[in-house]
Amino acid sequence: MSNVSSERLKARYAAERRFRALGLVAVVFSALVLAFLLFTMTANAIGGFKRAELRFTVDLAASGITVDPASLADNDALNRLETAGLPDVVTMAATKALGAEAAAELDPQAWRELGRTIAADPALLQGSVEAALPASDDLAAALRGDGANEGLKTLADKLAADGNLERAWDPGFLSRADATGPQAVGIWGALKGSMLTMLVTLLLAFPVGVLAAVYLEEYAPKNRWTDVIEVSINNLAAVPSIIFGLLGLAVFLWIFPNYRSAPLIGGMTLALMTMPVIVISGRNAIKSVPPSIRDAALAVGASRVQTVFHHVLPLALPGILTGTIIGMARALGETAPLLMIGMRAFVASPPEGFTSPASVLPVQIFLWSDEIDRGFVERTSAAIIVLLLFLLVMNGLAIYLRNRFEKRW
């Protein structure tokens, strides 16, 4: 081998080693950035899953509360306990155990948590209860050291040193809806709204998108009109999401003016945005099925419809589900189109159905991130973790279905 050929061969090998090294560096860098993002979000979210709680003993037996235990089984239990004087009993117990200054920093609605505990076990009225009830937002901020006045900071430090004030895990964060203070907020209302909205999106976008892909690829004649439709679908897939929000505002809310901020309207708006992605991926998946599959089915006497739905579509389904995963993941994280149709309203209770006022996780995160209180910043990080977990569960289910229906030929 000549010296020239040997040098060229060495140069090619060196170029290949450099390319592999660059690829490895890119992968490692991407993994490190992802790990840093997840670590940062998780570290910030830990505080978001906690709240400041005042701990003291409530002697219910000596409080004089007289309530028929059988009446606490209905939905009016909290009202009955309020009428019987439970809020005053809780305040007096906090004053006796912690002092008047500390009792004044108990959340005004804290008695409701004890009321729900009593309604679940009326036998507690005959004894004492070790209560762990939410503190006020100001006392919680003082415990975190967030610019509180010195008197409140001193009180928080004293209560914490005595074991009467601490930050504890807040399981209610996953079961409550939005509120005006960071101590009382929860993510369940927005999470349920996202579930309902995604369900409407999937039920509308998936069948319509798949049928459109089947028609365009298997039945539509190749002429100028189908070319225009194909170009339009490709352009729709790249349209900014806020345009779909304007369309939902102008059309869907005009047709259904009473359903503003409802998952039904949000799902219909996101379905418009998701459908082009499903159509494009569906057409590519159908196109990838070998023509021999169609020819074999037709040769044994299958009709055109039987060929498509019994043979072509099952083989193309994994590719269609891949496009659906991408479209639904994009829809789950969208905020702009939902803001346009009014899903930024303050909703203090979880939606009861598809037509109830609701918020969604991305919008809830956006609204909390705009708050000044640091407690909302921590809650925002916790909500982001919930959104990521919801996305992982949704995508994991879709990937399982894709692998479940995958066929080889």
# chains A, B, ... in the order shown; residues from 1 in each chain; ligands from 1
>>> residues_around(residues="Gly267 (chain A)", least_positions_apart="2", cutoff="7 Å", atoms="only C-alpha atoms", output="list in words")
Thr197, Met198, Val200, Thr201, Pro263, Leu264, Ile265, Thr269, Leu270 and Ala271 of chain A
>>> residues_around(residues="Arg112 (chain A)", least_positions_apart="4", cutoff="9 Å", atoms="only C-alpha atoms", output="number ranges by chain")
A: 78, 82, 86-87, 116-117
>>> closest_residue(among="A:Ile326, A:Leu247, A:Ala177, A:Ala316", to="Ala358 (chain A)", atoms="only C-alpha atoms")
A:Ala177
>>> select_by_dssp(residues="region 20-104 of chain A", states="alpha helix (DSSP H)", output="MDAnalysis selection string")
chainID A and resid 20:48 77:83 86:98 100:103
>>> atom_distance(atom1="CA of Ile286 (chain A)", atom2="CA of Met394 (chain A)")
24.0 Å
>>> residues_around(residues="Gly47 (chain A)", least_positions_apart="4", cutoff="9 Å", atoms="only C-alpha atoms", output="PyMOL selection string")
chain A and resi 43+51+167+169+375+378-379+381-382
>>> select_by_dssp(residues="region 81-228 of chain A", states="strand (DSSP E or B)", output="list in words")
Leu106, Ser128, Val129, Glu130, Ala131, Ala132, Leu133, Pro134, Ala135, Leu165, Glu166, Arg167, Ala168 and Trp169 of chain A
>>> write_last_selection(atoms="N, CA and C atoms", output="PDB file, in the first residue's frame")
ATOM      1  N   LEU A 106     -52.950  30.417  63.737  1.00  0.00           N
ATOM      2  CA  LEU A 106     -53.544  29.187  63.202  1.00  0.00           C
ATOM      3  C   LEU A 106     -54.407  29.548  62.004  1.00  0.00           C
ATOM      4  N   SER A 128     -59.379  12.775  73.648  1.00  0.00           N
ATOM      5  CA  SER A 128     -58.489  13.853  73.216  1.00  0.00           C
ATOM      6  C   SER A 128     -57.859  13.493  71.872  1.00  0.00           C
ATOM      7  N   VAL A 129     -57.519  14.518  71.121  1.00  0.00           N
ATOM      8  CA  VAL A 129     -56.929  14.333  69.791  1.00  0.00           C
ATOM      9  C   VAL A 129     -55.643  15.139  69.707  1.00  0.00           C
ATOM     10  N   GLU A 130     -54.577  14.501  69.230  1.00  0.00           N
ATOM     11  CA  GLU A 130     -53.334  15.216  68.954  1.00  0.00           C
ATOM     12  C   GLU A 130     -53.463  15.829  67.560  1.00  0.00           C
ATOM     13  N   ALA A 131     -53.746  17.124  67.507  1.00  0.00           N
ATOM     14  CA  ALA A 131     -54.022  17.797  66.240  1.00  0.00           C
ATOM     15  C   ALA A 131     -52.741  18.339  65.619  1.00  0.00           C
ATOM     16  N   ALA A 132     -52.644  18.227  64.301  1.00  0.00           N
ATOM     17  CA  ALA A 132     -51.564  18.837  63.513  1.00  0.00           C
ATOM     18  C   ALA A 132     -52.249  19.626  62.409  1.00  0.00           C
ATOM     19  N   LEU A 133     -52.459  20.913  62.676  1.00  0.00           N
ATOM     20  CA  LEU A 133     -53.277  21.747  61.796  1.00  0.00           C
ATOM     21  C   LEU A 133     -52.425  22.818  61.134  1.00  0.00           C
ATOM     22  N   PRO A 134     -52.820  23.259  59.934  1.00  0.00           N
ATOM     23  CA  PRO A 134     -51.991  24.211  59.185  1.00  0.00           C
ATOM     24  C   PRO A 134     -51.887  25.569  59.868  1.00  0.00           C
ATOM     25  N   ALA A 135     -50.680  26.115  59.829  1.00  0.00           N
ATOM     26  CA  ALA A 135     -50.452  27.456  60.353  1.00  0.00           C
ATOM     27  C   ALA A 135     -50.812  28.482  59.287  1.00  0.00           C
ATOM     28  N   LEU A 165     -44.239  23.439  66.193  1.00  0.00           N
ATOM     29  CA  LEU A 165     -44.341  23.937  64.818  1.00  0.00           C
ATOM     30  C   LEU A 165     -43.282  23.256  63.974  1.00  0.00           C
ATOM     31  N   GLU A 166     -43.708  22.643  62.912  1.00  0.00           N
ATOM     32  CA  GLU A 166     -42.747  21.991  62.015  1.00  0.00           C
ATOM     33  C   GLU A 166     -43.341  21.870  60.625  1.00  0.00           C
ATOM     34  N   ARG A 167     -42.452  21.679  59.670  1.00  0.00           N
ATOM     35  CA  ARG A 167     -42.879  21.460  58.291  1.00  0.00           C
ATOM     36  C   ARG A 167     -43.038  19.960  58.085  1.00  0.00           C
ATOM     37  N   ALA A 168     -44.233  19.545  57.773  1.00  0.00           N
ATOM     38  CA  ALA A 168     -44.540  18.121  57.620  1.00  0.00           C
ATOM     39  C   ALA A 168     -45.081  17.859  56.223  1.00  0.00           C
ATOM     40  N   TRP A 169     -44.989  16.607  55.812  1.00  0.00           N
ATOM     41  CA  TRP A 169     -45.527  16.221  54.510  1.00  0.00           C
ATOM     42  C   TRP A 169     -47.019  16.501  54.465  1.00  0.00           C
TER      43      TRP A 169
END
>>> atom_distance(atom1="CA of Val185 (chain A)", atom2="CA of Arg144 (chain A)")
17.4 Å
>>> atom_distance(atom1="CA of Pro221 (chain A)", atom2="CA of Phe206 (chain A)")
23.2 Å
>>> closest_atom_pairs(of="region 280-398 of chain A", to="region 137-140 of chain A", cutoff="12 Å", atoms="only C-alpha atoms", output="CSV")
residue,atom,partner,partner_atom,distance
A:Asp373,CA,A:Asp137,CA,9.0
A:Arg374,CA,A:Ala140,CA,10.1
A:Gly375,CA,A:Asp137,CA,8.2
A:Phe376,CA,A:Asp137,CA,10.5
>>> residues_around(residues="Ser359 (chain A)", least_positions_apart="6", cutoff="8 Å", atoms="only C-alpha atoms", output="ChimeraX atom specification")
/A:189-190,193-194,261,343-347
>>> write_last_selection(atoms="C-alpha atoms", output="compact mmCIF listing (two decimals), in the first residue's frame")
# COMPACT_ATOMS: atom_id res chain seq x y z
CA GLY A 189 -58.38 20.29 40.86
CA ALA A 190 -55.88 21.06 38.07
CA GLY A 193 -59.03 19.10 34.85
CA SER A 194 -56.02 17.89 32.83
CA SER A 261 -63.17 27.30 31.10
CA MET A 343 -59.03 28.25 31.73
CA ARG A 344 -57.02 30.60 33.94
CA ALA A 345 -59.95 31.28 36.25
CA PHE A 346 -59.63 30.71 39.99
CA VAL A 347 -61.34 27.35 40.58
>>> closest_residue(among="A:Asn164, A:Leu32, A:Ala331, A:Gln126", to="Ala62 (chain A)", atoms="only C-alpha atoms")
A:Gln126
>>> decode(residues="region 176-222 of chain A", atoms="N, CA and C atoms", output="PDB file, in the first residue's frame")
ATOM      1  N   ARG A 176     -56.487  18.494  47.303  1.00  0.00           N
ATOM      2  CA  ARG A 176     -57.193  19.773  47.360  1.00  0.00           C
ATOM      3  C   ARG A 176     -57.129  20.477  46.007  1.00  0.00           C
ATOM      4  N   ALA A 177     -57.908  21.542  45.896  1.00  0.00           N
ATOM      5  CA  ALA A 177     -57.893  22.375  44.692  1.00  0.00           C
ATOM      6  C   ALA A 177     -57.185  23.687  45.009  1.00  0.00           C
ATOM      7  N   ASP A 178     -57.309  24.657  44.128  1.00  0.00           N
ATOM      8  CA  ASP A 178     -56.610  25.918  44.281  1.00  0.00           C
ATOM      9  C   ASP A 178     -57.161  26.702  45.475  1.00  0.00           C
ATOM     10  N   ALA A 179     -56.329  27.577  46.027  1.00  0.00           N
ATOM     11  CA  ALA A 179     -56.722  28.417  47.156  1.00  0.00           C
ATOM     12  C   ALA A 179     -55.949  29.726  47.072  1.00  0.00           C
ATOM     13  N   THR A 180     -56.257  30.650  47.973  1.00  0.00           N
ATOM     14  CA  THR A 180     -55.625  31.962  47.936  1.00  0.00           C
ATOM     15  C   THR A 180     -54.278  32.002  48.642  1.00  0.00           C
ATOM     16  N   GLY A 181     -53.993  31.020  49.489  1.00  0.00           N
ATOM     17  CA  GLY A 181     -52.729  30.985  50.220  1.00  0.00           C
ATOM     18  C   GLY A 181     -51.954  29.717  49.929  1.00  0.00           C
ATOM     19  N   PRO A 182     -50.621  29.770  49.995  1.00  0.00           N
ATOM     20  CA  PRO A 182     -49.816  28.582  49.664  1.00  0.00           C
ATOM     21  C   PRO A 182     -49.997  27.427  50.631  1.00  0.00           C
ATOM     22  N   GLN A 183     -50.408  27.709  51.878  1.00  0.00           N
ATOM     23  CA  GLN A 183     -50.614  26.639  52.843  1.00  0.00           C
ATOM     24  C   GLN A 183     -51.811  25.763  52.488  1.00  0.00           C
ATOM     25  N   ALA A 184     -52.799  26.352  51.819  1.00  0.00           N
ATOM     26  CA  ALA A 184     -54.058  25.646  51.580  1.00  0.00           C
ATOM     27  C   ALA A 184     -54.219  25.144  50.148  1.00  0.00           C
ATOM     28  N   VAL A 185     -53.295  25.472  49.257  1.00  0.00           N
ATOM     29  CA  VAL A 185     -53.483  25.090  47.856  1.00  0.00           C
ATOM     30  C   VAL A 185     -53.285  23.592  47.670  1.00  0.00           C
ATOM     31  N   GLY A 186     -53.867  23.090  46.611  1.00  0.00           N
ATOM     32  CA  GLY A 186     -53.716  21.694  46.225  1.00  0.00           C
ATOM     33  C   GLY A 186     -53.701  21.578  44.718  1.00  0.00           C
ATOM     34  N   ILE A 187     -53.309  20.420  44.234  1.00  0.00           N
ATOM     35  CA  ILE A 187     -53.133  20.225  42.799  1.00  0.00           C
ATOM     36  C   ILE A 187     -54.203  19.340  42.191  1.00  0.00           C
ATOM     37  N   TRP A 188     -55.082  18.750  43.016  1.00  0.00           N
ATOM     38  CA  TRP A 188     -56.043  17.785  42.492  1.00  0.00           C
ATOM     39  C   TRP A 188     -57.021  18.420  41.507  1.00  0.00           C
ATOM     40  N   GLY A 189     -57.446  19.642  41.772  1.00  0.00           N
ATOM     41  CA  GLY A 189     -58.378  20.291  40.855  1.00  0.00           C
ATOM     42  C   GLY A 189     -57.788  20.432  39.465  1.00  0.00           C
ATOM     43  N   ALA A 190     -56.532  20.908  39.374  1.00  0.00           N
ATOM     44  CA  ALA A 190     -55.880  21.064  38.075  1.00  0.00           C
ATOM     45  C   ALA A 190     -55.559  19.711  37.455  1.00  0.00           C
ATOM     46  N   LEU A 191     -55.170  18.738  38.278  1.00  0.00           N
ATOM     47  CA  LEU A 191     -54.855  17.409  37.748  1.00  0.00           C
ATOM     48  C   LEU A 191     -56.095  16.751  37.162  1.00  0.00           C
ATOM     49  N   LYS A 192     -57.215  16.847  37.862  1.00  0.00           N
ATOM     50  CA  LYS A 192     -58.458  16.280  37.339  1.00  0.00           C
ATOM     51  C   LYS A 192     -58.891  17.011  36.077  1.00  0.00           C
ATOM     52  N   GLY A 193     -58.716  18.342  36.054  1.00  0.00           N
ATOM     53  CA  GLY A 193     -59.032  19.098  34.854  1.00  0.00           C
ATOM     54  C   GLY A 193     -58.184  18.657  33.671  1.00  0.00           C
ATOM     55  N   SER A 194     -56.894  18.378  33.909  1.00  0.00           N
ATOM     56  CA  SER A 194     -56.024  17.890  32.829  1.00  0.00           C
ATOM     57  C   SER A 194     -56.471  16.518  32.337  1.00  0.00           C
ATOM     58  N   MET A 195     -56.849  15.650  33.274  1.00  0.00           N
ATOM     59  CA  MET A 195     -57.309  14.318  32.874  1.00  0.00           C
ATOM     60  C   MET A 195     -58.551  14.413  31.986  1.00  0.00           C
ATOM     61  N   LEU A 196     -59.516  15.215  32.400  1.00  0.00           N
ATOM     62  CA  LEU A 196     -60.747  15.348  31.623  1.00  0.00           C
ATOM     63  C   LEU A 196     -60.463  15.991  30.266  1.00  0.00           C
ATOM     64  N   THR A 197     -59.612  17.004  30.245  1.00  0.00           N
ATOM     65  CA  THR A 197     -59.280  17.683  28.992  1.00  0.00           C
ATOM     66  C   THR A 197     -58.556  16.743  28.043  1.00  0.00           C
ATOM     67  N   MET A 198     -57.591  15.964  28.559  1.00  0.00           N
ATOM     68  CA  MET A 198     -56.862  15.020  27.702  1.00  0.00           C
ATOM     69  C   MET A 198     -57.776  13.910  27.190  1.00  0.00           C
ATOM     70  N   LEU A 199     -58.742  13.511  28.006  1.00  0.00           N
ATOM     71  CA  LEU A 199     -59.673  12.474  27.561  1.00  0.00           C
ATOM     72  C   LEU A 199     -60.519  12.975  26.396  1.00  0.00           C
ATOM     73  N   VAL A 200     -61.016  14.211  26.505  1.00  0.00           N
ATOM     74  CA  VAL A 200     -61.780  14.793  25.389  1.00  0.00           C
ATOM     75  C   VAL A 200     -60.903  14.923  24.159  1.00  0.00           C
ATOM     76  N   THR A 201     -59.666  15.371  24.339  1.00  0.00           N
ATOM     77  CA  THR A 201     -58.734  15.514  23.214  1.00  0.00           C
ATOM     78  C   THR A 201     -58.505  14.181  22.518  1.00  0.00           C
ATOM     79  N   LEU A 202     -58.257  13.133  23.303  1.00  0.00           N
ATOM     80  CA  LEU A 202     -57.990  11.815  22.717  1.00  0.00           C
ATOM     81  C   LEU A 202     -59.217  11.260  21.996  1.00  0.00           C
ATOM     82  N   LEU A 203     -60.398  11.387  22.612  1.00  0.00           N
ATOM     83  CA  LEU A 203     -61.613  10.837  22.016  1.00  0.00           C
ATOM     84  C   LEU A 203     -61.990  11.542  20.708  1.00  0.00           C
ATOM     85  N   LEU A 204     -61.594  12.793  20.563  1.00  0.00           N
ATOM     86  CA  LEU A 204     -61.890  13.522  19.333  1.00  0.00           C
ATOM     87  C   LEU A 204     -60.776  13.390  18.302  1.00  0.00           C
ATOM     88  N   ALA A 205     -59.534  13.581  18.727  1.00  0.00           N
ATOM     89  CA  ALA A 205     -58.428  13.659  17.773  1.00  0.00           C
ATOM     90  C   ALA A 205     -58.037  12.295  17.219  1.00  0.00           C
ATOM     91  N   PHE A 206     -58.040  11.255  18.057  1.00  0.00           N
ATOM     92  CA  PHE A 206     -57.532   9.964  17.597  1.00  0.00           C
ATOM     93  C   PHE A 206     -58.403   9.327  16.504  1.00  0.00           C
ATOM     94  N   PRO A 207     -59.702   9.124  16.731  1.00  0.00           N
ATOM     95  CA  PRO A 207     -60.493   8.477  15.659  1.00  0.00           C
ATOM     96  C   PRO A 207     -60.582   9.334  14.398  1.00  0.00           C
ATOM     97  N   VAL A 208     -60.779  10.634  14.559  1.00  0.00           N
ATOM     98  CA  VAL A 208     -60.882  11.496  13.375  1.00  0.00           C
ATOM     99  C   VAL A 208     -59.557  11.530  12.631  1.00  0.00           C
ATOM    100  N   GLY A 209     -58.442  11.644  13.358  1.00  0.00           N
ATOM    101  CA  GLY A 209     -57.134  11.679  12.715  1.00  0.00           C
ATOM    102  C   GLY A 209     -56.802  10.384  11.999  1.00  0.00           C
ATOM    103  N   VAL A 210     -57.117   9.255  12.625  1.00  0.00           N
ATOM    104  CA  VAL A 210     -56.817   7.956  11.994  1.00  0.00           C
ATOM    105  C   VAL A 210     -57.689   7.750  10.759  1.00  0.00           C
ATOM    106  N   LEU A 211     -58.969   8.059  10.852  1.00  0.00           N
ATOM    107  CA  LEU A 211     -59.851   7.891   9.693  1.00  0.00           C
ATOM    108  C   LEU A 211     -59.440   8.819   8.549  1.00  0.00           C
ATOM    109  N   ALA A 212     -59.023  10.031   8.888  1.00  0.00           N
ATOM    110  CA  ALA A 212     -58.557  10.947   7.836  1.00  0.00           C
ATOM    111  C   ALA A 212     -57.303  10.400   7.174  1.00  0.00           C
ATOM    112  N   ALA A 213     -56.390   9.842   7.971  1.00  0.00           N
ATOM    113  CA  ALA A 213     -55.171   9.266   7.399  1.00  0.00           C
ATOM    114  C   ALA A 213     -55.486   8.068   6.502  1.00  0.00           C
ATOM    115  N   VAL A 214     -56.410   7.222   6.940  1.00  0.00           N
ATOM    116  CA  VAL A 214     -56.798   6.061   6.128  1.00  0.00           C
ATOM    117  C   VAL A 214     -57.419   6.508   4.808  1.00  0.00           C
ATOM    118  N   TYR A 215     -58.305   7.473   4.870  1.00  0.00           N
ATOM    119  CA  TYR A 215     -58.956   7.926   3.636  1.00  0.00           C
ATOM    120  C   TYR A 215     -57.947   8.551   2.669  1.00  0.00           C
ATOM    121  N   LEU A 216     -57.092   9.434   3.183  1.00  0.00           N
ATOM    122  CA  LEU A 216     -56.142  10.111   2.295  1.00  0.00           C
ATOM    123  C   LEU A 216     -55.142   9.142   1.694  1.00  0.00           C
ATOM    124  N   GLU A 217     -54.773   8.104   2.422  1.00  0.00           N
ATOM    125  CA  GLU A 217     -53.740   7.197   1.926  1.00  0.00           C
ATOM    126  C   GLU A 217     -54.313   6.045   1.116  1.00  0.00           C
ATOM    127  N   GLU A 218     -55.520   5.609   1.417  1.00  0.00           N
ATOM    128  CA  GLU A 218     -56.049   4.399   0.782  1.00  0.00           C
ATOM    129  C   GLU A 218     -57.175   4.670  -0.213  1.00  0.00           C
ATOM    130  N   TYR A 219     -57.906   5.751  -0.058  1.00  0.00           N
ATOM    131  CA  TYR A 219     -59.101   5.949  -0.878  1.00  0.00           C
ATOM    132  C   TYR A 219     -59.089   7.237  -1.702  1.00  0.00           C
ATOM    133  N   ALA A 220     -58.477   8.285  -1.200  1.00  0.00           N
ATOM    134  CA  ALA A 220     -58.569   9.580  -1.869  1.00  0.00           C
ATOM    135  C   ALA A 220     -57.875   9.554  -3.223  1.00  0.00           C
ATOM    136  N   PRO A 221     -58.504  10.114  -4.263  1.00  0.00           N
ATOM    137  CA  PRO A 221     -57.846  10.195  -5.574  1.00  0.00           C
ATOM    138  C   PRO A 221     -56.693  11.196  -5.530  1.00  0.00           C
ATOM    139  N   LYS A 222     -55.709  10.979  -6.332  1.00  0.00           N
ATOM    140  CA  LYS A 222     -54.562  11.864  -6.382  1.00  0.00           C
ATOM    141  C   LYS A 222     -54.850  12.983  -7.383  1.00  0.00           C
TER     142      LYS A 222
END
